[in-house]
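S.K.: My structure is stored as start_0.cif, with mmCIF, C-alpha atoms.
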data_input
#
loop_
_atom_site.label_atom_id
_atom_site.label_comp_id
_atom_site.auth_asym_id
_atom_site.auth_seq_id
_atom_site.Cartn_x
_atom_site.Cartn_y
_atom_site.Cartn_z
CA MET T 27 21.49 -17.91 43.56
CA ILE T 28 17.86 -18.90 43.12
CA LYS T 29 16.27 -17.77 39.86
CA VAL T 30 12.60 -16.95 40.41
CA GLY T 31 9.94 -16.37 37.78
CA LEU T 32 6.79 -14.50 38.85
CA PHE T 33 3.90 -14.93 36.39
CA LEU T 34 0.81 -12.73 36.18
CA ASP T 35 -1.80 -12.11 33.46
CA THR T 36 -1.91 -8.33 33.92
CA TYR T 37 0.53 -5.65 35.09
CA PHE T 38 1.32 -1.97 35.20
CA PRO T 39 0.11 0.52 34.02
CA MET T 40 -3.02 -1.30 35.24
CA VAL T 41 -3.19 -1.22 39.02
CA ASP T 42 -4.90 -3.67 41.35
CA GLY T 43 -4.14 -5.56 44.53
CA VAL T 44 -2.51 -8.57 42.87
CA ILE T 45 -0.25 -6.37 40.75
CA ASN T 46 0.89 -4.58 43.90
CA VAL T 47 1.62 -7.91 45.57
CA VAL T 48 3.81 -9.11 42.69
CA HIS T 49 5.57 -5.74 42.45
CA ASN T 50 6.41 -5.76 46.16
CA TYR T 51 7.63 -9.35 45.97
CA ALA T 52 9.86 -8.52 43.00
CA LEU T 53 11.29 -5.35 44.57
CA ARG T 54 12.45 -7.18 47.67
CA LEU T 55 13.68 -10.29 45.89
CA ALA T 56 15.72 -8.13 43.51
CA ALA T 57 17.37 -6.38 46.47
CA ASP T 58 18.56 -9.72 47.88
CA GLY T 59 21.77 -11.04 46.31
CA ASP T 60 20.61 -14.62 46.84
CA PHE T 61 17.75 -14.22 44.36
CA ASP T 62 17.44 -13.32 40.69
CA VAL T 63 13.83 -12.42 39.83
CA THR T 64 12.05 -11.98 36.51
CA VAL T 65 8.40 -10.92 36.19
CA PHE T 66 6.57 -12.43 33.19
CA VAL T 67 3.51 -10.35 32.27
CA PRO T 68 1.58 -8.99 29.24
CA LYS T 69 2.35 -5.84 27.31
CA HIS T 70 -0.07 -2.93 27.54
CA GLY T 71 -1.75 -1.26 24.60
CA LYS T 72 -0.41 2.17 25.52
CA LYS T 73 3.26 3.05 25.25
CA TYR T 74 4.65 2.06 28.61
CA VAL T 75 8.28 1.75 29.71
CA ASP T 76 9.15 -0.60 32.54
CA ASP T 77 11.32 1.29 35.00
CA PHE T 78 11.82 -1.21 37.79
CA PRO T 79 14.90 -2.50 39.61
CA TYR T 80 13.97 -6.00 38.44
CA LYS T 81 13.65 -7.72 35.06
CA THR T 82 10.34 -7.87 33.22
CA VAL T 83 9.49 -9.96 30.17
CA ARG T 84 6.33 -8.88 28.35
CA CYS T 85 4.19 -10.87 25.92
CA LYS T 86 1.80 -9.64 23.27
CA SER T 87 -1.76 -8.86 24.33
CA VAL T 88 -5.01 -7.66 22.79
CA ARG T 89 -7.80 -5.53 24.17
CA PHE T 90 -10.64 -7.53 25.71
CA PRO T 91 -13.87 -5.59 25.04
CA ILE T 92 -15.89 -6.70 28.07
CA LEU T 93 -13.23 -6.21 30.75
CA ASP T 94 -10.75 -3.50 31.71
CA TYR T 95 -7.95 -6.03 31.34
CA ARG T 96 -6.11 -7.11 28.18
CA LEU T 97 -5.95 -10.66 26.87
CA PRO T 98 -2.37 -12.00 26.91
CA LYS T 99 -1.03 -13.99 23.96
CA PRO T 100 2.18 -15.56 25.31
CA ARG T 101 2.06 -18.66 23.09
CA ARG T 102 1.95 -16.50 19.96
CA ASP T 103 4.90 -14.36 20.97
CA ALA T 104 8.21 -15.82 19.76
CA ALA T 105 10.32 -13.29 21.67
CA PHE T 106 8.48 -14.02 24.92
CA LYS T 107 8.87 -17.78 24.47
CA LYS T 108 12.59 -17.37 23.70
CA ALA T 109 13.14 -15.22 26.83
CA LEU T 110 11.31 -17.75 28.97
CA LYS T 111 13.26 -20.65 27.47
CA GLU T 112 16.57 -18.90 28.22
CA SER T 113 15.61 -17.81 31.74
CA ASN T 114 16.95 -20.97 33.44
CA LEU T 115 14.51 -20.59 36.31
CA ASP T 116 14.80 -22.58 39.54
CA ILE T 117 11.23 -21.96 40.65
CA VAL T 118 7.99 -20.70 39.09
CA HIS T 119 5.47 -18.71 41.12
CA ILE T 120 2.16 -17.96 39.39
CA HIS T 121 -0.31 -15.36 40.63
CA SER T 122 -3.06 -16.04 38.09
CA PRO T 123 -4.14 -19.28 36.40
CA PHE T 124 -4.73 -17.98 32.90
CA MET T 125 -2.56 -17.69 29.77
CA VAL T 126 0.67 -16.38 31.32
CA GLY T 127 0.27 -18.31 34.56
CA GLU T 128 -0.47 -21.55 32.72
CA MET T 129 2.61 -21.09 30.57
CA GLY T 130 4.67 -20.68 33.72
CA VAL T 131 3.38 -24.01 35.04
CA ASP T 132 4.12 -25.66 31.68
CA TYR T 133 7.71 -24.39 31.89
CA ALA T 134 8.12 -25.74 35.42
CA LYS T 135 6.81 -29.18 34.49
CA LYS T 136 8.98 -29.38 31.39
CA HIS T 137 12.14 -28.44 33.30
CA GLY T 138 11.44 -30.36 36.50
CA ILE T 139 11.40 -27.38 38.84
CA PRO T 140 8.86 -26.44 41.55
CA ALA T 141 5.73 -24.58 40.50
CA ILE T 142 3.81 -22.73 43.19
CA ALA T 143 0.69 -20.59 43.07
CA THR T 144 -0.79 -17.87 45.22
CA MET T 145 -4.57 -17.66 45.19
CA HIS T 146 -5.71 -14.05 45.47
CA SER T 147 -9.25 -13.86 44.12
CA GLN T 148 -12.77 -15.17 44.57
CA PHE T 149 -12.90 -16.60 41.04
CA GLU T 150 -16.39 -18.00 41.42
CA LYS T 151 -17.77 -14.50 42.00
CA ASP T 152 -15.70 -13.06 39.14
CA PHE T 153 -16.88 -15.68 36.66
CA TYR T 154 -20.53 -15.43 37.63
CA LYS T 155 -20.46 -11.63 37.44
CA ALA T 156 -19.00 -11.83 33.92
CA THR T 157 -21.25 -14.61 32.59
CA ARG T 158 -24.41 -14.67 34.77
CA SER T 159 -24.35 -18.42 34.16
CA LYS T 160 -23.88 -21.02 36.90
CA LEU T 161 -22.94 -23.65 34.31
CA ILE T 162 -20.26 -21.53 32.62
CA THR T 163 -18.97 -20.45 36.05
CA LYS T 164 -18.61 -24.10 37.05
CA ILE T 165 -16.75 -24.95 33.82
CA LEU T 166 -14.37 -21.99 34.17
CA LEU T 167 -13.74 -22.77 37.82
CA LYS T 168 -12.77 -26.35 36.95
CA LYS T 169 -10.40 -25.03 34.28
CA VAL T 170 -8.51 -22.69 36.62
CA MET T 171 -8.35 -25.33 39.34
CA ARG T 172 -6.73 -27.74 36.88
CA VAL T 173 -3.93 -25.20 36.49
CA PHE T 174 -3.58 -24.65 40.23
CA ASN T 175 -3.63 -28.37 40.96
CA ARG T 176 -0.66 -28.95 38.65
CA CYS T 177 1.43 -26.84 41.04
CA ASP T 178 3.59 -28.44 43.72
CA GLU T 179 2.41 -26.06 46.41
CA PHE T 180 -0.17 -23.34 46.73
CA TYR T 181 -0.92 -20.52 49.12
CA GLY T 182 -3.94 -18.50 50.10
CA VAL T 183 -3.55 -14.88 51.19
CA SER T 184 -5.63 -15.68 54.28
CA ALA T 185 -7.05 -18.73 56.05
CA ALA T 186 -10.48 -17.97 54.59
CA VAL T 187 -9.08 -17.84 51.04
CA SER T 188 -7.35 -21.19 51.62
CA GLN T 189 -10.66 -22.70 52.72
CA LEU T 190 -12.38 -21.12 49.73
CA PHE T 191 -9.99 -22.76 47.29
CA LEU T 192 -10.34 -26.08 49.02
CA ARG T 193 -14.06 -25.77 48.27
CA TYR T 194 -13.24 -24.82 44.66
CA GLY T 195 -11.41 -28.14 44.27
CA ALA T 196 -7.82 -27.66 45.46
CA ARG T 197 -6.25 -31.10 46.03
CA HIS T 198 -5.21 -30.07 49.54
CA LEU T 199 -5.69 -27.11 51.86
CA PRO T 200 -3.41 -24.26 50.67
CA LEU T 201 -0.88 -22.86 53.11
CA VAL T 202 -1.38 -19.26 54.23
CA LEU T 203 1.02 -16.53 53.07
CA ALA T 204 -0.44 -13.20 54.16
CA ASN T 205 0.13 -9.95 52.30
CA GLY T 206 1.97 -6.98 53.75
CA THR T 207 2.15 -3.25 53.23
CA ASP T 208 4.91 -0.77 52.50
CA MET T 209 3.12 1.83 54.62
CA THR T 210 4.84 2.79 57.85
CA PRO T 211 3.28 4.71 60.76
CA LEU T 212 3.11 8.47 60.21
CA ASP T 213 6.10 10.17 61.82
CA ASN T 214 4.27 13.19 63.23
CA ARG T 215 0.65 12.19 63.72
CA LYS T 216 -0.44 15.46 65.32
CA ALA T 217 1.00 17.61 62.52
CA GLY T 218 -0.42 15.30 59.85
CA ILE T 219 -3.93 15.50 61.29
CA ALA T 220 -3.71 19.29 61.59
CA ALA T 221 -2.63 19.53 57.93
CA ILE T 222 -5.60 17.43 56.79
CA ASN T 223 -8.02 19.51 58.88
CA GLU T 224 -6.70 22.68 57.27
CA LYS T 225 -6.59 21.33 53.72
CA PHE T 226 -10.14 19.97 53.75
CA SER T 227 -11.70 22.44 56.23
CA LEU T 228 -12.52 19.76 58.77
CA PRO T 229 -13.47 20.82 62.32
CA ALA T 230 -11.03 19.24 64.75
CA ASP T 231 -13.79 17.55 66.76
CA MET T 232 -15.79 16.17 63.81
CA PRO T 233 -15.84 12.37 63.36
CA VAL T 234 -14.33 11.37 60.02
CA PHE T 235 -14.71 8.06 58.20
CA ILE T 236 -12.74 6.97 55.15
CA PHE T 237 -12.93 4.59 52.21
CA VAL T 238 -9.83 4.06 50.04
CA GLY T 239 -10.03 2.02 46.84
CA ARG T 240 -11.68 1.67 43.46
CA ILE T 241 -15.08 3.31 43.28
CA THR T 242 -17.08 0.32 42.11
CA ALA T 243 -20.21 -1.51 43.15
CA LEU T 244 -17.98 -4.57 43.73
CA LYS T 245 -16.66 -2.79 46.82
CA ASN T 246 -20.21 -2.11 48.08
CA VAL T 247 -19.77 1.67 47.94
CA PHE T 248 -23.48 2.23 47.18
CA PHE T 249 -24.38 0.12 50.20
CA LEU T 250 -21.97 2.24 52.24
CA ALA T 251 -23.77 5.43 51.22
CA ASP T 252 -27.09 3.83 52.17
CA ALA T 253 -25.68 2.94 55.60
CA LEU T 254 -24.33 6.44 56.16
CA SER T 255 -27.75 7.91 55.40
CA ARG T 256 -29.11 5.93 58.36
CA LEU T 257 -26.73 7.39 60.95
CA LYS T 258 -28.73 9.32 63.51
CA ASP T 259 -26.00 11.89 64.14
CA LYS T 260 -25.32 13.70 60.87
CA ASN T 261 -22.29 15.55 62.26
CA TYR T 262 -19.61 13.58 60.38
CA LYS T 263 -17.56 13.60 57.19
CA MET T 264 -17.10 10.62 54.91
CA LEU T 265 -14.03 10.72 52.67
CA PHE T 266 -14.00 8.63 49.50
CA VAL T 267 -10.44 8.31 48.19
CA GLY T 268 -10.20 6.72 44.77
CA ASP T 269 -11.55 6.77 41.26
CA GLY T 270 -13.51 4.46 39.00
CA LYS T 271 -16.12 4.24 36.28
CA GLU T 272 -18.96 4.28 38.81
CA LEU T 273 -17.83 7.45 40.59
CA PRO T 274 -20.42 9.66 38.79
CA ALA T 275 -23.19 7.21 39.70
CA LEU T 276 -22.06 7.18 43.34
CA LYS T 277 -22.07 10.99 43.46
CA LYS T 278 -25.64 11.01 42.17
CA HIS T 279 -26.62 8.37 44.73
CA VAL T 280 -25.09 10.42 47.53
CA SER T 281 -27.04 13.48 46.37
CA ARG T 282 -30.31 11.53 46.24
CA LEU T 283 -29.69 10.47 49.83
CA GLY T 284 -29.16 14.08 50.89
CA LEU T 285 -25.55 13.45 51.95
CA ASP T 286 -23.76 16.11 49.91
CA GLY T 287 -22.85 17.98 53.09
CA ASN T 288 -21.42 14.85 54.69
CA VAL T 289 -19.47 13.26 51.86
CA MET T 290 -16.27 14.43 50.20
CA PHE T 291 -14.86 12.81 47.04
CA LEU T 292 -11.10 13.33 47.05
CA GLY T 293 -10.28 11.41 43.88
CA LYS T 294 -7.22 9.25 43.42
CA ILE T 295 -4.36 10.16 45.76
CA THR T 296 -0.96 8.57 45.16
CA ASP T 297 1.13 10.44 47.73
CA ARG T 298 1.68 7.94 50.54
CA GLU T 299 2.25 10.56 53.25
CA THR T 300 -1.09 12.15 52.42
CA ILE T 301 -2.81 8.76 52.60
CA LYS T 302 -1.19 8.14 55.98
CA ALA T 303 -2.42 11.49 57.29
CA LEU T 304 -5.93 10.87 55.95
CA PHE T 305 -6.04 7.53 57.76
CA CYS T 306 -4.80 9.15 60.97
CA ARG T 307 -7.49 11.83 60.75
CA SER T 308 -10.17 9.18 60.31
CA LYS T 309 -11.91 7.40 63.13
CA LEU T 310 -12.80 4.32 61.06
CA PHE T 311 -11.96 2.74 57.75
CA LEU T 312 -15.32 1.66 56.33
CA PHE T 313 -14.92 -1.37 54.08
CA PRO T 314 -18.13 -3.35 53.50
CA SER T 315 -16.76 -5.23 50.47
CA MET T 316 -17.90 -8.82 50.02
CA TYR T 317 -15.77 -9.14 46.88
CA ASP T 318 -12.21 -8.77 48.16
CA ALA T 319 -10.30 -11.85 49.23
CA ASN T 320 -7.70 -9.86 51.18
CA SER T 321 -7.51 -6.12 50.73
CA LEU T 322 -4.13 -4.43 51.01
CA VAL T 323 -5.86 -1.24 52.15
CA GLN T 324 -7.05 -2.76 55.41
CA ASN T 325 -3.38 -3.45 56.23
CA GLU T 326 -2.57 0.17 55.43
CA ALA T 327 -5.30 1.37 57.80
CA ALA T 328 -3.96 -0.94 60.51
CA SER T 329 -0.48 0.52 60.05
CA GLN T 330 -1.90 3.84 61.31
CA SER T 331 -3.87 2.19 64.16
CA ILE T 332 -7.18 2.76 62.37
CA PRO T 333 -9.68 -0.09 62.81
CA THR T 334 -11.87 -1.27 59.94
CA VAL T 335 -15.61 -1.93 59.94
CA PHE T 336 -16.18 -5.04 57.83
CA MET T 337 -19.38 -6.86 57.00
CA GLU T 338 -20.48 -10.26 58.29
CA GLY T 339 -19.41 -13.04 55.94
CA ALA T 340 -16.65 -11.03 54.22
CA VAL T 341 -13.68 -13.23 53.29
CA THR T 342 -11.34 -10.27 53.69
CA ALA T 343 -12.31 -10.03 57.37
CA SER T 344 -11.16 -13.57 58.21
CA ALA T 345 -8.23 -12.40 60.36
CA VAL T 346 -10.44 -10.01 62.35
CA THR T 347 -12.15 -10.65 65.67
CA ASP T 348 -15.01 -8.26 66.32
CA GLY T 349 -14.22 -5.91 69.16
CA VAL T 350 -10.59 -7.07 69.37
CA ASN T 351 -8.73 -5.89 66.27
CA GLY T 352 -11.58 -4.64 64.09
CA PHE T 353 -15.34 -4.47 63.85
CA ILE T 354 -17.79 -6.70 61.99
CA ALA T 355 -21.24 -5.34 61.22
CA PRO T 356 -24.48 -6.98 60.09
CA ALA T 357 -24.93 -7.15 56.32
CA THR T 358 -27.73 -4.57 56.22
CA ALA T 359 -27.56 -0.80 55.88
CA GLU T 360 -29.34 -0.41 59.23
CA GLY T 361 -27.05 -2.91 60.95
CA TYR T 362 -23.89 -1.37 59.50
CA ALA T 363 -24.98 2.11 60.62
CA ALA T 364 -25.84 0.82 64.09
CA LYS T 365 -22.36 -0.73 64.36
CA ILE T 366 -20.72 2.60 63.53
CA GLU T 367 -22.82 4.34 66.16
CA ALA T 368 -21.99 1.68 68.75
CA VAL T 369 -18.27 2.07 68.07
CA LEU T 370 -18.43 5.84 68.43
CA SER T 371 -20.26 5.54 71.75
CA ASP T 372 -17.56 3.43 73.46
CA GLY T 373 -14.25 5.28 73.55
CA ALA T 374 -12.47 2.75 75.76
CA GLN T 375 -13.30 -0.15 73.45
CA TYR T 376 -12.32 1.89 70.41
CA LYS T 377 -8.88 2.56 71.87
CA ARG T 378 -8.32 -1.16 72.58
CA VAL T 379 -9.43 -2.17 69.09
CA ALA T 380 -7.25 0.50 67.42
CA GLU T 381 -4.25 -0.87 69.29
CA GLY T 382 -5.30 -4.43 68.39
CA ALA T 383 -5.53 -3.55 64.69
CA LYS T 384 -1.94 -2.29 64.72
CA SER T 385 -0.50 -5.17 66.77
CA ASP T 386 -2.44 -8.01 65.11
CA LEU T 387 -2.95 -6.99 61.49
CA TYR T 388 -0.06 -4.71 60.53
CA ARG T 389 2.49 -6.71 58.55
CA THR T 390 5.25 -5.24 56.40
CA TRP T 391 6.21 -6.47 52.96
CA ASP T 392 9.70 -7.12 54.31
CA ASP T 393 8.22 -9.61 56.78
CA ALA T 394 6.01 -11.20 54.11
CA VAL T 395 8.86 -11.60 51.62
CA GLU T 396 11.23 -13.05 54.23
CA GLU T 397 8.64 -15.77 54.76
CA LEU T 398 8.34 -16.21 50.99
CA LYS T 399 12.12 -16.60 50.62
CA CYS T 400 12.07 -19.41 53.18
CA GLU T 401 9.41 -21.16 51.13
CA TYR T 402 11.44 -20.75 47.92
CA ARG T 403 14.57 -22.13 49.57
CA ARG T 404 12.66 -25.06 51.04
CA LEU T 405 11.02 -26.05 47.75
CA VAL T 406 14.20 -25.67 45.68
CA SER T 407 16.17 -27.71 48.24
CA GLU T 408 13.52 -30.45 48.37
CA ASN T 409 13.50 -30.59 44.57
CA ALA T 410 17.28 -30.92 44.44
CA ASP T 411 17.19 -33.74 47.02
CA LYS T 412 14.53 -35.52 44.98
CA LYS T 413 16.63 -35.30 41.81
CA ARG T 414 19.70 -36.72 43.61
CA LYS T 415 17.82 -39.84 44.73
#
Represent the structure contained in this file as structure tokens.
M.R.:
Amino acid sequence: MIKVGLFLDTYFPMVDGVINVVHNYALRLAADGDFDVTVFVPKHGKKYVDDFPYKTVRCKSVRFPILDYRLPKPRRDAAFKKALKESNLDIVHIHSPFMVGEMGVDYAKKHGIPAIATMHSQFEKDFYKATRSKLITKILLKKVMRVFNRCDEFYGVSAAVSQLFLRYGARHLPLVLANGTDMTPLDNRKAGIAAINEKFSLPADMPVFIFVGRITALKNVFFLADALSRLKDKNYKMLFVGDGKELPALKKHVSRLGLDGNVMFLGKITDRETIKALFCRSKLFLFPSMYDANSLVQNEAASQSIPTVFMEGAVTASAVTDGVNGFIAPATAEGYAAKIEAVLSDGAQYKRVAEGAKSDLYRTWDDAVEELKCEYRRLVSENADKKRK
């Protein structure tokens, strides 16, 4: 049995893409009798009970005033350090390079076991947004890359992310280990679409677009509203699914643009069958984010054969070929709107691209974790061979 430690500097009840990745890894590793998995993460300020089919070890944390996230304190938590010491891990897999992740690498180096890292984020953008200083951003970037470069192997969630981290200072080009989704195709597409039409009073022949995710300027949602205002044909509905601190500001922006009749804010929806049906009712998933490294939601849209409209230069669009398995629009409101109109005007191309999105981009978590298991086995075996020599 291979004992795996997954290390991350935030966890439920917070929710983001990286947390979902680690959770899906842990679920599937725990269900395999060849693996014993423990997730090492911070505690949350609120009372929260872990109810997972895998082990979690939590460290102390404090609220960080500037960010939504909490600041972990693993080195000041005796119980956490004791649990880690007694874990007898065979491999460490970090998903963030900060306090908890760094402690995971320290453990691996001390015990002579493989340490690997998955690179999920555009850290340079994160640091600059938080500090507005190129110098501080450069210093912080060097610090996180020192942690990553202590690992024996590292992975990017896409080819573009791997190239990005090579530019950040990775000592070699990271391998690619793409994310998956737990979303399966809707069983009864026709019934699902009819239910959405009835629930939200949508005419059956009206084009519908959708955005699913956090309502934040980081996702370019204000840009998206600007682009929608430039569509010549106003006979459409735009569905925003999600919540966030900037939702009130987005609603005001939509009103200023005169789009109240075109836009519906559905809030956060957790029911997966409803999300599936909403995707199926939508013609396009509109995702102009320049922030995301690899969005899980674009995989979910692909699972329902719904193509995404990305923006030129977006890292998260690296697996997409325009007009083949998705659409890539110019990085202007006018250009993005024109792309939507062009897609709607060519039904034959749309059908091909929708099929391409499903065949090329849809990847299940089961497939992703099977690949991950092979990597774990390889690295543990290579480490054992090295110790025998």
S.K.: Hey, could you pull the box centre and edge lengths for region 375-389 of chain T, axis-aligned, 8 Å padding per side, all listed atoms, to one decimal in Å, as JSON?
M.R.:
{"center_x": -5.4, "center_y": -2.7, "center_z": 66.0, "size_x": 31.8, "size_y": 26.6, "size_z": 30.9}
S.K.: Compare T:Arg240, T:Lys377, T:Lys136, T:Lys86 by their minimum atom-to-atom distance to Lys294 (chain T), counting all atoms listed in the file, and give me the closest one.
M.R.: T:Arg240
S.K.: Excluding Pro100 (chain T) and its own-chain neighbours fewer than 4 positions away, which residues fall within 7 Å of it when counting all atoms listed in the file? Please give them as a compact mmCIF listing (two decimals) with C-alpha atoms, keeping the file's coordinate frame.
M.R.:
# COMPACT_ATOMS: atom_id res chain seq x y z
CA CYS T 85 4.19 -10.87 25.92
CA LYS T 86 1.80 -9.64 23.27
CA PHE T 106 8.48 -14.02 24.92
CA MET T 125 -2.56 -17.69 29.77
CA VAL T 126 0.67 -16.38 31.32
S.K.: Just the number, please: distance in Å from CA of Val173 (chain T) to CA of Gly127 (chain T), one decimal.
M.R.: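 For CA of Val173 (chain T) relative to CA of Gly127 (chain T), the distance reads 8.3 Å.
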S.K.: Evaluate the PyMOL selection byres ((chain T and resi 194) around 8) here and jot the selected residues down as a PyMOL selection string.
M.R.: chain T and resi 167-168+171+190-193+195-196
S.K.: Excluding region 323-334 of chain T and any residue of its chain fewer than 3 positions from it, enumerate the residues within 9 Å of it, using only C-alpha atoms, and give them as a PyMOL selection string.
M.R.: chain T and resi 43+205-212+238-239+302-303+305-306+308-313+320+342+351-354+376+379-390
S.K.: Find the residues with any atom within 7 Å of (-11.5, -17.8, 50.3); use all atoms listed in the file and the coordinates as given in the file, and write the answer as a list of chain:residue names.
M.R.: T:Gln148, T:Ala186, T:Val187, T:Ser188, T:Gln189, T:Leu190, T:Phe191, T:Ala319, T:Val341
S.K.: Nearest to Arg403 (chain T) among T:Leu97, T:Leu203, T:Ile117, T:Leu283, with distances taken over all atoms listed in the file: which residue is it?
M.R.: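 Checking each candidate against Arg403 (chain T), we get T:Ile117 as the closest.
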S.K.: Name the closest residue to Lys260 (chain T) among the candidates T:Gly361, T:His137, T:Lys160, T:Glu367; distances are taken between atoms, counting all atoms listed in the file.
M.R.: T:Glu367
S.K.: Residues near Ala368 (chain T), anyone? I mean within 12 Å using all atoms listed in the file, not counting same-chain ones fewer than 4 positions away, as a list in words.
M.R.: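 So the residues in contact are Leu257, Lys258, Asp259, Val335, Gly349, Phe353, Ile354, Ala355, Gly361, Tyr362, Ala363, Ala364, Asp372, Gly373, Ala374, Gln375 and Tyr376 of chain T.
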S.K.: Could you please determine the separation between CA of Phe149 (chain T) and CA of Leu276 (chain T) in Å, to one decimal place?
M.R.: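 These two atoms are separated by 25.6 Å.
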S.K.: Do a neighbour search on Val44 (chain T) at 12 Å with all atoms listed in the file, toss out local chain neighbours closer than 6 positions, and write the hits as a list in words.
M.R.: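 The neighbour list is Leu32, Phe33, Leu34, Asp35, Thr36, Tyr37, Phe38, Asn50, Tyr51, Ile120, His121, Ser122, Thr144, Met145, His146, Ser147, Val183, Asn205, Gly206, Asp318, Ala319, Asn320, Ser321 and Leu322 of chain T.
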S.K.: Please compute the CA of Leu285 (chain T)-CA of Met264 (chain T) distance, one decimal, in Å.
M.R.: 9.4 Å
S.K.: Since the input has fewer atoms than a full residue there, write region 223-236 of chain T out with N, CA, C and O atoms, as an mmCIF file, keeping the file's coordinate frame.
M.R.:
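What ended up in part_35.cif:
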data_model
loop_
_atom_site.group_PDB
_atom_site.id
_atom_site.type_symbol
_atom_site.label_atom_id
_atom_site.label_comp_id
_atom_site.auth_asym_id
_atom_site.auth_seq_id
_atom_site.Cartn_x
_atom_site.Cartn_y
_atom_site.Cartn_z
ATOM 1 N N ASN T 223 -6.914 18.639 58.440
ATOM 2 C CA ASN T 223 -8.020 19.510 58.880
ATOM 3 C C ASN T 223 -8.009 20.830 58.120
ATOM 4 O O ASN T 223 -9.053 21.316 57.671
ATOM 5 N N GLU T 224 -6.811 21.392 57.967
ATOM 6 C CA GLU T 224 -6.700 22.680 57.270
ATOM 7 C C GLU T 224 -6.989 22.537 55.784
ATOM 8 O O GLU T 224 -7.727 23.334 55.200
ATOM 9 N N LYS T 225 -6.436 21.500 55.164
ATOM 10 C CA LYS T 225 -6.590 21.330 53.720
ATOM 11 C C LYS T 225 -8.033 21.098 53.313
ATOM 12 O O LYS T 225 -8.492 21.607 52.278
ATOM 13 N N PHE T 226 -8.771 20.339 54.126
ATOM 14 C CA PHE T 226 -10.140 19.970 53.750
ATOM 15 C C PHE T 226 -11.203 20.643 54.627
ATOM 16 O O PHE T 226 -12.361 20.261 54.593
ATOM 17 N N SER T 227 -10.780 21.651 55.391
ATOM 18 C CA SER T 227 -11.700 22.440 56.230
ATOM 19 C C SER T 227 -12.534 21.553 57.145
ATOM 20 O O SER T 227 -13.759 21.668 57.207
ATOM 21 N N LEU T 228 -11.856 20.682 57.862
ATOM 22 C CA LEU T 228 -12.520 19.760 58.770
ATOM 23 C C LEU T 228 -12.422 20.279 60.204
ATOM 24 O O LEU T 228 -11.303 20.517 60.691
ATOM 25 N N PRO T 229 -13.529 20.460 60.897
ATOM 26 C CA PRO T 229 -13.470 20.820 62.320
ATOM 27 C C PRO T 229 -12.719 19.751 63.101
ATOM 28 O O PRO T 229 -12.886 18.544 62.859
ATOM 29 N N ALA T 230 -11.897 20.170 64.031
ATOM 30 C CA ALA T 230 -11.030 19.240 64.750
ATOM 31 C C ALA T 230 -11.804 18.184 65.527
ATOM 32 O O ALA T 230 -11.313 17.073 65.733
ATOM 33 N N ASP T 231 -13.024 18.497 65.954
ATOM 34 C CA ASP T 231 -13.790 17.550 66.760
ATOM 35 C C ASP T 231 -14.815 16.744 65.955
ATOM 36 O O ASP T 231 -15.606 15.993 66.524
ATOM 37 N N MET T 232 -14.806 16.877 64.633
ATOM 38 C CA MET T 232 -15.790 16.170 63.810
ATOM 39 C C MET T 232 -15.333 14.747 63.511
ATOM 40 O O MET T 232 -14.212 14.539 63.045
ATOM 41 N N PRO T 233 -16.200 13.753 63.739
ATOM 42 C CA PRO T 233 -15.840 12.370 63.360
ATOM 43 C C PRO T 233 -15.665 12.258 61.840
ATOM 44 O O PRO T 233 -16.460 12.799 61.069
ATOM 45 N N VAL T 234 -14.623 11.566 61.443
ATOM 46 C CA VAL T 234 -14.330 11.370 60.020
ATOM 47 C C VAL T 234 -14.198 9.875 59.754
ATOM 48 O O VAL T 234 -13.566 9.143 60.505
ATOM 49 N N PHE T 235 -14.823 9.431 58.666
ATOM 50 C CA PHE T 235 -14.710 8.060 58.200
ATOM 51 C C PHE T 235 -14.055 8.090 56.822
ATOM 52 O O PHE T 235 -14.114 9.106 56.117
ATOM 53 N N ILE T 236 -13.461 6.973 56.426
ATOM 54 C CA ILE T 236 -12.740 6.970 55.150
ATOM 55 C C ILE T 236 -12.943 5.646 54.418
ATOM 56 O O ILE T 236 -13.087 4.584 55.040
#
